[in-house]
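Below: one structure, written as structure tokens.
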Amino acid sequence: MFDTSVIELSRSALRRNFRFLRRHIGPHPRISCVIKGNAYGHGIESFLPLAEECGVDHFSVFSASEAVRAVASRGNPSTHVMIMGHVEGEAIPWAVEQGVSFYVFDRQRLEQALAAAGRVGAPALIHLEVETGLNRTGLAGEDLGRALELLSSHGDRLRLMGVCTHYAGAESVNNYLRIQKQKVRYEEALERVREAGLDPGLRHTACSAAAITYPETVMDMVRTGIAMYGFWPSKQTKMHYIQNNCQTPSQRRANPLRRVMRWRSSIMSLKKVQAGEFIGYGTSCQATKPRVLASVPVGYFHGFARSLSNLGYVLVHGRRANVAGLVNMNALLVDVTDMNGKARKGDEVVLIGRQKRSHISVSSFSDLTRNPNYEVLTRLPACIPRVVVD
Ligand SMILES: *Cc1c(COP(=O)(O)O)cnc(C)c1O
């Protein structure tokens with residue numbers, strides 16, 4: 001065996017999450033699965049074909065470099081790829097040639113798209129991002145007006161595929177008023193698009209949290225990331241869903257989302273340590289009684305945060321084993337003293353996911369380091385192999 005750990009992707013979990021979203025938003029809106037950040041750490045190359053198998057035919061990436069990977073991994077040539085962020089220079093004619101659509105949020109990109117369409121001899125597929133209050137990227141005011149003029153006078157080369165925006169934190173009620181304002185501004189922008197004589201195409205504004213919490217934000221398409229991978233955007237989103245959609249106690253208990261990812265490694269070696277000895281680097285951990293430690297070949301290089309030193313835990317034989325001492329670059333030690341000799345070299349160690357009747361969710365893993373799910377997932381390095389399981 002060459003790899004020190006493996007990330008399993010569950011087909012049945014992904015299918016379930018997709019079906020849940022489909023049921024929740026109804027049969028008509030298109031679902032674009034967001035695969036930026038290396039598919040939230042799941043690995044674009046492994047995840048995308050799996051998602052296609054489960055019925056997904058539209059994917060959103062952040063950058064042109066991710067789009068290249070998505071195009072190369074798709075099994076179905078009609079699977080659509082959309083760039084929501086960075087696409088510059090020679091990547092623009094590439095996107096036009098490939099039929100990859102992309103966001104436009106400034107005049108320069110629109111002009112580049114126009115030029116590229118002329119060179120390639122095919123229309124540029126444009127999603128107009130409008131500014132509604134996130135204040136990151138997006139067109140507003142006169143800039144939007146000029147973009148609309150350009151779009152309507154070059155309909156042959158610039159095909160308006162959609163009009164979109166992104167909410168400033170739909171996973172928290174703290175942002176409720178801000179999001180209501182954004183919806184109003186979005187409707188105003190849509191009105192301007194129509195007044196310019198343009199068909200807005202796909203209206204899309206909702207991420208996972210908005211699609212689950214605010215039904216009115218589900219228009220012609222949703223862009224869902226975190227929920228597809230089986231995580232709630234936040235505890236509030238989950239509570240809101242349960243309160244509004246579940247009547248019976250058993251419905252309230254049943255989680256409609258399933259974690260797609262399971263991260264496992266195995267015990268590399270075992271060691272007995274006498275009372276009084278320090279464990280690992282420095283003096284942060286001392287054996288107050290004789291202890292048995294298992295080394296696991298996963299460290300902060302692999303995305304297991306150093307801040308979980310003496311705090312985090314893993315699963316061995318379905319039981320918690322606490323991290324003892326500092327998390328090293330490539331390894332960590334866990335305490336298996338209480339397993340009465342049951343822990344052996346080569347035994348499975350679970351870092352995220354289920355083992356027997358126990359499980360470690362990314363959020364309990366990350367609550368300890370105060371990172372949201374998103375960050376912990378995307379920090380899992382691309383070099384860990386991803387394998388598909390049922
Ligand atoms: C990341 C992202 C999404 C998906 O967000 P989730 O919370 O993971 O569903 C949607 N739209 C845009 C513009 C994004 O950047």
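Here's how to read the names in the structure tokens: chain A, B, ... by the order shown, residue numbers from 1 in each chain, ligand numbers from 1 in the order shown.
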
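Residues in contact with region 211-215 of chain A at 8 Å, where only C-alpha atoms are counted and same-chain residues fewer than 4 positions away are skipped, are listed as His24, Ile25, Ala170, Ala206, Cys207, Val222, Thr224, Thr237, His240 and Tyr241 of chain A.
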
Using N, CA, C and O atoms, can you export the residues from the last selection as an mmCIF file, in the first residue's frame?
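Saved result, part_36.cif, follows:
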```cif
data_model
loop_
_atom_site.group_PDB
_atom_site.id
_atom_site.type_symbol
_atom_site.label_atom_id
_atom_site.label_comp_id
_atom_site.auth_asym_id
_atom_site.auth_seq_id
_atom_site.Cartn_x
_atom_site.Cartn_y
_atom_site.Cartn_z
ATOM 1 N N HIS A 24 -37.244 18.876 -2.517
ATOM 2 C CA HIS A 24 -37.462 20.121 -1.791
ATOM 3 C C HIS A 24 -37.754 21.283 -2.738
ATOM 4 O O HIS A 24 -38.596 22.131 -2.433
ATOM 5 N N ILE A 25 -37.062 21.357 -3.864
ATOM 6 C CA ILE A 25 -37.254 22.519 -4.750
ATOM 7 C C ILE A 25 -38.281 22.264 -5.849
ATOM 8 O O ILE A 25 -38.633 23.182 -6.574
ATOM 9 N N ALA A 170 -26.972 33.334 3.546
ATOM 10 C CA ALA A 170 -28.343 32.840 3.720
ATOM 11 C C ALA A 170 -28.435 31.788 4.836
ATOM 12 O O ALA A 170 -29.533 31.357 5.184
ATOM 13 N N ALA A 206 -29.928 31.114 -5.729
ATOM 14 C CA ALA A 206 -29.887 30.375 -4.462
ATOM 15 C C ALA A 206 -28.692 29.425 -4.357
ATOM 16 O O ALA A 206 -28.400 28.668 -5.275
ATOM 17 N N CYS A 207 -28.020 29.469 -3.222
ATOM 18 C CA CYS A 207 -27.057 28.447 -2.805
ATOM 19 C C CYS A 207 -27.842 27.430 -1.952
ATOM 20 O O CYS A 207 -29.060 27.541 -1.844
ATOM 21 N N VAL A 222 -30.793 26.421 -9.176
ATOM 22 C CA VAL A 222 -30.119 26.655 -7.890
ATOM 23 C C VAL A 222 -28.665 26.190 -8.037
ATOM 24 O O VAL A 222 -28.366 25.319 -8.851
ATOM 25 N N THR A 224 -26.111 24.527 -5.803
ATOM 26 C CA THR A 224 -25.963 23.932 -4.486
ATOM 27 C C THR A 224 -24.632 23.195 -4.362
ATOM 28 O O THR A 224 -24.277 22.367 -5.191
ATOM 29 N N THR A 237 -29.900 26.455 9.572
ATOM 30 C CA THR A 237 -30.579 25.987 8.361
ATOM 31 C C THR A 237 -31.271 24.664 8.645
ATOM 32 O O THR A 237 -32.406 24.436 8.228
ATOM 33 N N HIS A 240 -34.338 25.258 10.884
ATOM 34 C CA HIS A 240 -35.389 25.893 10.092
ATOM 35 C C HIS A 240 -36.078 24.854 9.207
ATOM 36 O O HIS A 240 -37.305 24.818 9.108
ATOM 37 N N TYR A 241 -35.281 23.984 8.612
ATOM 38 C CA TYR A 241 -35.852 22.939 7.752
ATOM 39 C C TYR A 241 -36.772 22.034 8.564
ATOM 40 O O TYR A 241 -37.902 21.747 8.152
#
```

Give me, as a Markdown table, each residue of chain A that comes within 7 Å of ligand 1, together with its shortest interatomic pair and the distance in Å at one decimal, counting only C-alpha atoms and all ligand atoms, with rows ordered by chain and rising residue number.
```
| residue | atom | partner | partner_atom_place_in_ligand_line | distance |
| --- | --- | --- | --- | --- |
| A:Val34 | CA | ligand 1 | 4 (C) | 5.7 |
| A:Lys36 | CA | ligand 1 | 1 (C) | 7.0 |
| A:Met84 | CA | ligand 1 | 13 (C) | 6.0 |
| A:His166 | CA | ligand 1 | 13 (C) | 5.3 |
| A:Ala206 | CA | ligand 1 | 10 (C) | 6.7 |
| A:Cys207 | CA | ligand 1 | 9 (O) | 4.0 |
| A:Ser208 | CA | ligand 1 | 9 (O) | 3.6 |
| A:Ala209 | CA | ligand 1 | 7 (O) | 5.9 |
| A:Arg223 | CA | ligand 1 | 10 (C) | 4.8 |
| A:Thr224 | CA | ligand 1 | 9 (O) | 3.8 |
| A:Gly225 | CA | ligand 1 | 8 (O) | 3.4 |
| A:Ile226 | CA | ligand 1 | 8 (O) | 3.8 |
| A:Ala227 | CA | ligand 1 | 9 (O) | 6.2 |
| A:Pro233 | CA | ligand 1 | 7 (O) | 5.8 |
```

Check: Could you pull the residues within 10 Å of Ile44 (chain A), counting only C-alpha atoms, minus those fewer than 5 positions along the same chain, as a ChimeraX atom specification?
Finding: /A:35-39,49-50,61,66-67,69-70,72-74,382,386

Check: Would you give me, as JSON, numbers by chain, the residues in region 2-118 of chain A that DSSP reads as strand (DSSP E or B)?
Finding: {"A": [5, 6, 7, 8, 9, 10, 30, 31, 32, 33, 34, 58, 59, 60, 61, 62, 63, 80, 81, 82, 83, 84, 85, 86, 101, 102, 103, 104]}

Next item on the list: May I have the residues within 12 Å of Gly121 (chain A) as a PyMOL selection string, using only C-alpha atoms and disregarding those fewer than 5 positions away in the same chain?
Entry: chain A and resi 93-94+96-99+113-116+156-158

Margin query: At a cut-off of 12 Å, using only C-alpha atoms, what residues contact Cys164 (chain A)? Leave out same-chain residues fewer than 5 positions from it and give the result as a ChimeraX atom specification.
Written below: /A:84,102-105,126-132,137-139,182-183,185-187,189-190,193,200-207,217-223

Next item on the list: Assign secondary structure with DSSP using the backbone only, and return the residues of region 98-175 of chain A in alpha helix (DSSP H) as a list in words.
Entry: Gln98, Arg107, Gln108, Arg109, Leu110, Glu111, Gln112, Ala113, Leu114, Ala115, Ala116, Ala117, Gly118, Arg119, Val120, Gly141, Glu142, Asp143, Leu144, Gly145, Arg146, Ala147, Leu148, Glu149, Leu150, Leu151, Ser152 and Ser153 of chain A

Next item on the list: To one decimal in Å, tell me the separation between CA of Ala95 (chain A) and CA of Arg192 (chain A).
Entry: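 So the two atoms, CA of Ala95 (chain A) and CA of Arg192 (chain A), lie 27.0 Å apart.
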
Check: A:Gly133, A:Gly353, A:Gly276, A:Gly282: which is nearest Leu315 (chain A), counting only C-alpha atoms?
Finding: A:Gly353

Check: Mind pulling up the distance from CA of Gly230 (chain A) to CA of Gly299 (chain A)?
Finding: 24.7 Å

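Reported to one decimal place, the separation of CA of Gly55 (chain A) from CA of Leu160 (chain A) is 25.1 Å.
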
Next item on the list: Point out the residue among A:Leu125, A:Leu198, A:Cys246, A:Met261 with the least atom-to-atom distance to Val388 (chain A), counting only C-alpha atoms.
Entry: A:Met261

Notebook entry, point to check: If you count only C-alpha atoms, which residues fall within 9 Å of Leu148 (chain A), apart from same-chain ones fewer than 2 positions away, as a list in words?
Noted result: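 The residues that qualify are Asp143, Leu144, Gly145, Arg146, Leu150, Leu151, Ser152, Ser153, Arg192, Val193, Ala196 and Leu198 of chain A.
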
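Proximity to Gly312 (chain A) was assessed for A:Ser269, A:Thr283, A:Gln274, A:Ser363 counting only C-alpha atoms; the smallest distance is recorded for A:Ser363.
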
Notebook entry, point to check: Which polymer residues have any atom within 12 Å of an atom of Arg23 (chain A), counting only C-alpha atoms, with same-chain residues fewer than 5 positions away left out, as a ChimeraX atom specification?
Noted result: /A:16-18,28-29,31,211-212,245,256
